[in-house]
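A.B. asks: Input: one structure, supplied below.
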Amino acid sequence: MTDTMQAAVYRGRRSLSVEEVPVPAPRYGEVLVEVGFNGICGTDLHEFFAGPIFVPDGVPHPLTDEAMPLVMGHEFSGTIREVGAGVTGWSAGDRVAVEPVYRCGECAPCRAGHYNICQKIGFHGLMSDGGMARYTTVPAYMLHRLPDSVSLELGALVEPMSVAYHATTLADLNPGDTALVFGAGPIGIGVFHALRGQGIENTLVVEPSATRRAAIERLGARTVDPADVDVAALVADETRGAMADAAFDAAGVAAAVRTALGSVGARRPVVAVAIYETPLETPLLELVMHESRIQGSLCYTGSDFEAVIALMAEGKYDTTGWVEAIALGDVVAEGFESLHRGEKMKVLVDPAR
């Protein structure tokens with residue numbers, strides 16, 4: 001191992017460059033991970049094109065004591081290369097997916113076991129140096145073991161797929177129920193996979209983009225274009241008026257929320273798993289008249305990670321046609337810029353290329 005490595009360093013809006021930086025050394029309770037693949041997240045895009053938003057600018061994050069400039073990247077898998085003092089149960093050579101959440105352990109949500117909504121929450125790769133590099137150090141509590149049947153490419157998708165899986169656990173669905181998914185981007189695809197993995201086969205994906213509809217249809221989904229179909233009327237017809245048992249908004253636009261609220265049944269949820277850049281006008285009368293609800297969903301917990309890894313080991317996740325790997329040196333042009341133009345759906349950065 002050399003003393004330096006290539007890393008994608010973020011310095012603010014539209015400022016991301018591949019630079020030579022020191023290889024970090026694991027501190028007490030940490031391991032050094034050789035990164036296999038790191039996914040570019042929608043949050044990363046927001047930081048690059050409109051940030052800094054979550055990345056600390058000037059004042060270090062209270063849990064990491066780090067601030068910009070930072071190495072980006074919080075969706076990654078890799079292989080442990082060095083184990084720091086105080087770490088047990090892990091060895092060099094172990095293949096892992098990383099759950100990149102820093103939590104305080106002291107606030108009310110943390111004490112209740114809901115560290116995904118920690119009042120001081122931080123993310124590796126947004127509030128600390130992350131995984132868009134050949135190596136990164138992480139606390140051992142972030143590690144999840146990958147079985148031999150799960151590749152490092154698939155392992156890098158555990159984080160975003162866990163975001164989607166967590167959302168499905170909040171909907172109280174059972175096999176035989178009807179679900180709607182609004183948006184066929186990576187999180188919408190993740191929701192579809194998670195539902196199918198849990199035995200929810202009657203799922204309809206609502207997506208205006210023909211390209212994205214085609215991509216998720218290749219994975220076995222049934223789709224509709226909301227410009228051509230009255231979604232609520234279709235659902236009413238297919239459910240004999242009972243409407244959907246849950247709807248998942250992975251689109252983040254007002255039209256999707258409005259249609260979702262008009263398509264769920266009495267006392268059933270619309271689960272919001274998108275990032276909303278601006279406030280949306282919401283027809284709350286729909287909730288009142290049907291006693292339905294909007295349920296927020298943030299991140300995941302370790303149990304979501306383990307559930308996704310188990311489903312991946314069973315072959316429940318298909319990356320055909322929507323995931324592409326690129327070299328670290330191409331991260332801006334072939335990654336951030338291409339994703340922003342809508343030319344690609346999911347990009348994994350390979351720091352070894």
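How things are named: the first chain in the structure tokens is A, the next is B, and so on; residues count from 1 in each chain; ligands count from 1 in the order shown.
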Enumerate, as a PyMOL selection string, the complete set of residues in segment 31-242 of chain A that a backbone-based DSSP assignment places in alpha helix (DSSP H).
C.D. replies: chain A and resi 42-50+108-111+152-155+158-169+186-197+210-217+231-238
A.B. asks: For Ala171 of chain A, find every residue with an atom within 10 Å (counting only C-alpha atoms), except residues of its own chain fewer than 4 positions away, and show them as a list in words.
C.D. replies: His166, Ala167, Ala179, Asp245, Ala246, Ala247, Phe248, Arg268, Pro269, Val270, Val271 and Gln295 of chain A
A.B. asks: Take atom CA of Ser162 of chain A and atom CA of Val150 of chain A and report the distance between them in Å, one decimal.
C.D. replies: 15.0 Å
A.B. asks: Choose the residue, out of A:Arg103, A:Ala25, A:Pro109, A:Asp129, that has the smallest atom-to-atom separation from Leu70 of chain A; count only C-alpha atoms.
C.D. replies: A:Asp129
A.B. asks: Pick out each residue of segment 22-193 of chain A that DSSP on the backbone tags as strand (DSSP E or B); I need them as JSON, numbers by chain.
C.D. replies: {"A": [22, 30, 31, 32, 33, 34, 35, 36, 37, 38, 39, 70, 71, 75, 76, 77, 78, 79, 80, 81, 82, 83, 95, 96, 97, 98, 101, 102, 122, 123, 124, 128, 133, 135, 136, 137, 138, 139, 143, 144, 145, 178, 179, 180, 181, 182]}
A.B. asks: Rank nothing, just name the residue among A:Asp148, A:Glu99, A:Asp228, A:Glu106 nearest to Cys118 of chain A, using only C-alpha atoms.
C.D. replies: A:Glu106
A.B. asks: How far is it from atom CA of Thr79 of chain A to atom CA of Leu298 of chain A, in Å with one decimal?
C.D. replies: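 The value is 27.2 Å.
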A.B. asks: For segment 307-314 of chain A, list every protein, DNA or RNA residue within 8 Å, evaluated using only C-alpha atoms, and leave out those in the same chain fewer than 5 positions away; present the list as number ranges by chain.
C.D. replies: A: 146-147, 149-150, 154-155, 158, 161-162, 165, 194, 197
A.B. asks: Put those residues in a file: N, CA, C and O atoms, as a PDB file, in the first residue's frame.
C.D. replies:
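Final output, saved to out-v2.pdb:
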```pdb
ATOM      1  N   LEU A 146     -20.676  -8.991   3.773  1.00  0.00           N
ATOM      2  CA  LEU A 146     -21.266  -9.421   2.507  1.00  0.00           C
ATOM      3  C   LEU A 146     -21.010 -10.908   2.299  1.00  0.00           C
ATOM      4  O   LEU A 146     -19.868 -11.358   2.366  1.00  0.00           O
ATOM      5  N   PRO A 147     -22.049 -11.685   2.033  1.00  0.00           N
ATOM      6  CA  PRO A 147     -21.829 -13.099   1.708  1.00  0.00           C
ATOM      7  C   PRO A 147     -21.140 -13.229   0.357  1.00  0.00           C
ATOM      8  O   PRO A 147     -21.154 -12.304  -0.458  1.00  0.00           O
ATOM      9  N   SER A 149     -21.974 -14.641  -2.239  1.00  0.00           N
ATOM     10  CA  SER A 149     -22.861 -14.550  -3.395  1.00  0.00           C
ATOM     11  C   SER A 149     -23.222 -13.113  -3.765  1.00  0.00           C
ATOM     12  O   SER A 149     -23.852 -12.890  -4.801  1.00  0.00           O
ATOM     13  N   VAL A 150     -22.836 -12.136  -2.939  1.00  0.00           N
ATOM     14  CA  VAL A 150     -23.140 -10.726  -3.213  1.00  0.00           C
ATOM     15  C   VAL A 150     -21.853 -10.022  -3.639  1.00  0.00           C
ATOM     16  O   VAL A 150     -20.910  -9.908  -2.856  1.00  0.00           O
ATOM     17  N   LEU A 154     -22.844  -5.077  -6.303  1.00  0.00           N
ATOM     18  CA  LEU A 154     -24.154  -5.114  -5.664  1.00  0.00           C
ATOM     19  C   LEU A 154     -24.073  -4.573  -4.236  1.00  0.00           C
ATOM     20  O   LEU A 154     -24.983  -3.884  -3.761  1.00  0.00           O
ATOM     21  N   GLY A 155     -22.961  -4.857  -3.578  1.00  0.00           N
ATOM     22  CA  GLY A 155     -22.769  -4.368  -2.213  1.00  0.00           C
ATOM     23  C   GLY A 155     -22.789  -2.858  -2.113  1.00  0.00           C
ATOM     24  O   GLY A 155     -23.223  -2.288  -1.096  1.00  0.00           O
ATOM     25  N   VAL A 158     -26.301  -1.531  -1.513  1.00  0.00           N
ATOM     26  CA  VAL A 158     -27.032  -1.855  -0.287  1.00  0.00           C
ATOM     27  C   VAL A 158     -27.550  -0.583   0.376  1.00  0.00           C
ATOM     28  O   VAL A 158     -28.692  -0.541   0.858  1.00  0.00           O
ATOM     29  N   MET A 161     -30.568   0.928  -1.603  1.00  0.00           N
ATOM     30  CA  MET A 161     -31.654  -0.039  -1.544  1.00  0.00           C
ATOM     31  C   MET A 161     -32.223  -0.152  -0.130  1.00  0.00           C
ATOM     32  O   MET A 161     -33.411  -0.456   0.052  1.00  0.00           O
ATOM     33  N   SER A 162     -31.403   0.123   0.883  1.00  0.00           N
ATOM     34  CA  SER A 162     -31.893   0.126   2.263  1.00  0.00           C
ATOM     35  C   SER A 162     -32.768   1.335   2.538  1.00  0.00           C
ATOM     36  O   SER A 162     -33.711   1.262   3.347  1.00  0.00           O
ATOM     37  N   TYR A 165     -35.960   0.079   1.121  1.00  0.00           N
ATOM     38  CA  TYR A 165     -36.507  -1.007   1.936  1.00  0.00           C
ATOM     39  C   TYR A 165     -37.118  -0.453   3.218  1.00  0.00           C
ATOM     40  O   TYR A 165     -38.220  -0.866   3.626  1.00  0.00           O
ATOM     41  N   ALA A 194     -37.809  -4.173  -3.175  1.00  0.00           N
ATOM     42  CA  ALA A 194     -38.098  -4.502  -1.777  1.00  0.00           C
ATOM     43  C   ALA A 194     -39.501  -5.073  -1.628  1.00  0.00           C
ATOM     44  O   ALA A 194     -39.712  -6.060  -0.898  1.00  0.00           O
ATOM     45  N   GLY A 197     -39.534  -8.540  -3.023  1.00  0.00           N
ATOM     46  CA  GLY A 197     -38.820  -9.431  -2.116  1.00  0.00           C
ATOM     47  C   GLY A 197     -39.626  -9.807  -0.893  1.00  0.00           C
ATOM     48  O   GLY A 197     -39.390 -10.851  -0.269  1.00  0.00           O
TER      49      GLY A 197
END
```
A.B. asks: From the list A:Met132, A:Ala92, A:Met345, A:Leu45, which residue is nearest Ala215 of chain A when using only C-alpha atoms?
C.D. replies: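 Among A:Met132, A:Ala92, A:Met345, A:Leu45, it is A:Met345 that comes nearest to Ala215 of chain A.
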A.B. asks: With only C-alpha atoms as the counted atoms, please give the residues lying no more than 10 Å from segment 324-334 of chain A, apart from itself and same-chain residues fewer than 4 positions off, as an MDAnalysis selection string.
C.D. replies: chainID A and resid 6:8 14:19 37:40 48 132:134 153 319:320 338:339 343:353
A.B. asks: Produce a file of the selected residues containing C-alpha atoms, as a PDB file, in the first residue's frame.
C.D. replies:
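Okay, selection05.pdb is ready:
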```
ATOM      1  CA  GLN A   6      -6.581   9.333  -5.584  1.00  0.00           C
ATOM      2  CA  ALA A   7      -9.796  10.776  -4.124  1.00  0.00           C
ATOM      3  CA  ALA A   8     -12.723  12.961  -5.271  1.00  0.00           C
ATOM      4  CA  ARG A  14     -19.448  22.660  -8.879  1.00  0.00           C
ATOM      5  CA  SER A  15     -16.047  22.138  -7.309  1.00  0.00           C
ATOM      6  CA  LEU A  16     -15.118  18.445  -7.253  1.00  0.00           C
ATOM      7  CA  SER A  17     -11.700  17.265  -8.374  1.00  0.00           C
ATOM      8  CA  VAL A  18      -9.689  14.066  -8.243  1.00  0.00           C
ATOM      9  CA  GLU A  19      -6.630  14.779  -6.126  1.00  0.00           C
ATOM     10  CA  PHE A  37     -17.394   0.648  -5.670  1.00  0.00           C
ATOM     11  CA  ASN A  38     -19.038   3.881  -4.554  1.00  0.00           C
ATOM     12  CA  GLY A  39     -22.428   4.989  -5.862  1.00  0.00           C
ATOM     13  CA  ILE A  40     -23.258   8.587  -6.736  1.00  0.00           C
ATOM     14  CA  PHE A  48     -22.376  19.423  -6.357  1.00  0.00           C
ATOM     15  CA  MET A 132     -14.953   8.147  -3.501  1.00  0.00           C
ATOM     16  CA  ALA A 133     -11.348   7.127  -2.947  1.00  0.00           C
ATOM     17  CA  ARG A 134      -9.188   4.018  -3.004  1.00  0.00           C
ATOM     18  CA  GLU A 153     -20.887  -3.962  -7.220  1.00  0.00           C
ATOM     19  CA  THR A 319     -29.102  -4.378 -11.896  1.00  0.00           C
ATOM     20  CA  THR A 320     -29.705  -5.046 -15.586  1.00  0.00           C
ATOM     21  CA  SER A 338     -24.355  12.773 -17.051  1.00  0.00           C
ATOM     22  CA  LEU A 339     -26.688  12.014 -14.152  1.00  0.00           C
ATOM     23  CA  GLU A 343     -28.514  10.364 -19.418  1.00  0.00           C
ATOM     24  CA  LYS A 344     -27.878   7.678 -16.788  1.00  0.00           C
ATOM     25  CA  MET A 345     -29.798   6.210 -13.871  1.00  0.00           C
ATOM     26  CA  LYS A 346     -27.238   4.887 -11.402  1.00  0.00           C
ATOM     27  CA  VAL A 347     -23.482   5.306 -11.541  1.00  0.00           C
ATOM     28  CA  LEU A 348     -20.930   3.390  -9.463  1.00  0.00           C
ATOM     29  CA  VAL A 349     -17.440   4.833  -9.203  1.00  0.00           C
ATOM     30  CA  ASP A 350     -14.602   2.285  -9.362  1.00  0.00           C
ATOM     31  CA  PRO A 351     -11.586   3.863  -7.612  1.00  0.00           C
ATOM     32  CA  ALA A 352      -9.254   1.139  -8.865  1.00  0.00           C
ATOM     33  CA  ARG A 353      -9.787   2.208 -12.511  1.00  0.00           C
TER      34      ARG A 353
END
```
A.B. asks: Which neighbours of Thr136 of chain A fall inside 7 Å, counting only C-alpha atoms, when residues of the same chain fewer than 4 positions from it are skipped, and could you give them as a PyMOL selection string?
C.D. replies: chain A and resi 24+32-34+130-131
A.B. asks: Mind dumping the selected residues with all heavy atoms as a PDB file, in the first residue's frame?
C.D. replies:
```pdb
ATOM      1  N   PRO A  24      -5.658   7.338   4.726  1.00  0.00           N
ATOM      2  CA  PRO A  24      -5.939   7.497   6.155  1.00  0.00           C
ATOM      3  C   PRO A  24      -5.529   6.257   6.950  1.00  0.00           C
ATOM      4  O   PRO A  24      -5.470   5.144   6.406  1.00  0.00           O
ATOM      5  CB  PRO A  24      -7.456   7.696   6.193  1.00  0.00           C
ATOM      6  CG  PRO A  24      -7.954   6.960   4.989  1.00  0.00           C
ATOM      7  CD  PRO A  24      -6.889   7.139   3.927  1.00  0.00           C
ATOM      8  N   LEU A  32      -9.708   0.174   8.170  1.00  0.00           N
ATOM      9  CA  LEU A  32      -9.380   0.742   6.858  1.00  0.00           C
ATOM     10  C   LEU A  32     -10.013  -0.140   5.801  1.00  0.00           C
ATOM     11  O   LEU A  32      -9.777  -1.352   5.754  1.00  0.00           O
ATOM     12  CB  LEU A  32      -7.868   0.792   6.659  1.00  0.00           C
ATOM     13  CG  LEU A  32      -7.392   1.322   5.290  1.00  0.00           C
ATOM     14  CD1 LEU A  32      -7.661   2.823   5.168  1.00  0.00           C
ATOM     15  CD2 LEU A  32      -5.907   1.022   5.079  1.00  0.00           C
ATOM     16  N   VAL A  33     -10.859   0.465   4.939  1.00  0.00           N
ATOM     17  CA  VAL A  33     -11.546  -0.267   3.882  1.00  0.00           C
ATOM     18  C   VAL A  33     -10.979   0.127   2.527  1.00  0.00           C
ATOM     19  O   VAL A  33     -10.852   1.323   2.225  1.00  0.00           O
ATOM     20  CB  VAL A  33     -13.067   0.031   3.908  1.00  0.00           C
ATOM     21  CG1 VAL A  33     -13.767  -0.620   2.715  1.00  0.00           C
ATOM     22  CG2 VAL A  33     -13.688  -0.450   5.213  1.00  0.00           C
ATOM     23  N   GLU A  34     -10.589  -0.868   1.727  1.00  0.00           N
ATOM     24  CA  GLU A  34     -10.272  -0.623   0.325  1.00  0.00           C
ATOM     25  C   GLU A  34     -11.601  -0.622  -0.426  1.00  0.00           C
ATOM     26  O   GLU A  34     -12.301  -1.636  -0.479  1.00  0.00           O
ATOM     27  CB  GLU A  34      -9.350  -1.697  -0.235  1.00  0.00           C
ATOM     28  CG  GLU A  34      -8.980  -1.451  -1.684  1.00  0.00           C
ATOM     29  CD  GLU A  34      -8.018  -2.478  -2.249  1.00  0.00           C
ATOM     30  OE1 GLU A  34      -7.665  -3.438  -1.509  1.00  0.00           O
ATOM     31  OE2 GLU A  34      -7.629  -2.337  -3.419  1.00  0.00           O
ATOM     32  N   GLY A 130     -15.127  10.403   2.707  1.00  0.00           N
ATOM     33  CA  GLY A 130     -15.901   9.228   2.367  1.00  0.00           C
ATOM     34  C   GLY A 130     -15.266   8.280   1.383  1.00  0.00           C
ATOM     35  O   GLY A 130     -14.037   8.170   1.279  1.00  0.00           O
ATOM     36  N   GLY A 131     -16.143   7.613   0.611  1.00  0.00           N
ATOM     37  CA  GLY A 131     -15.749   6.457  -0.166  1.00  0.00           C
ATOM     38  C   GLY A 131     -15.407   6.670  -1.621  1.00  0.00           C
ATOM     39  O   GLY A 131     -15.167   5.693  -2.331  1.00  0.00           O
TER      40      GLY A 131
END
```
A.B. asks: Of the candidates A:Thr169, A:Thr239, A:Ser263, A:Thr4, which one gets nearest to Val206 of chain A if we count only C-alpha atoms?
C.D. replies: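 So, comparing all the options, the nearest one is A:Ser263.
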A.B. asks: Set the distance at 9 Å and use only C-alpha atoms: which residues neighbour Thr2 of chain A once local chain neighbours fewer than 2 positions away are removed? I'd like the list as a PDB file with C-alpha atoms, in the first residue's frame.
C.D. replies:
```pdb
ATOM      1  CA  THR A   4      -1.128   8.455  -0.998  1.00  0.00           C
ATOM      2  CA  MET A   5      -4.206   7.745  -3.103  1.00  0.00           C
ATOM      3  CA  PRO A  22      -2.830  10.764   2.109  1.00  0.00           C
ATOM      4  CA  VAL A  23      -4.126   7.273   2.795  1.00  0.00           C
TER       5      VAL A  23
END
```
A.B. asks: Looking at A:Gly78, A:Pro139, A:Gly73, A:Pro56, which one is nearest to Val31 of chain A, with distances taken over only C-alpha atoms?
C.D. replies: A:Pro139
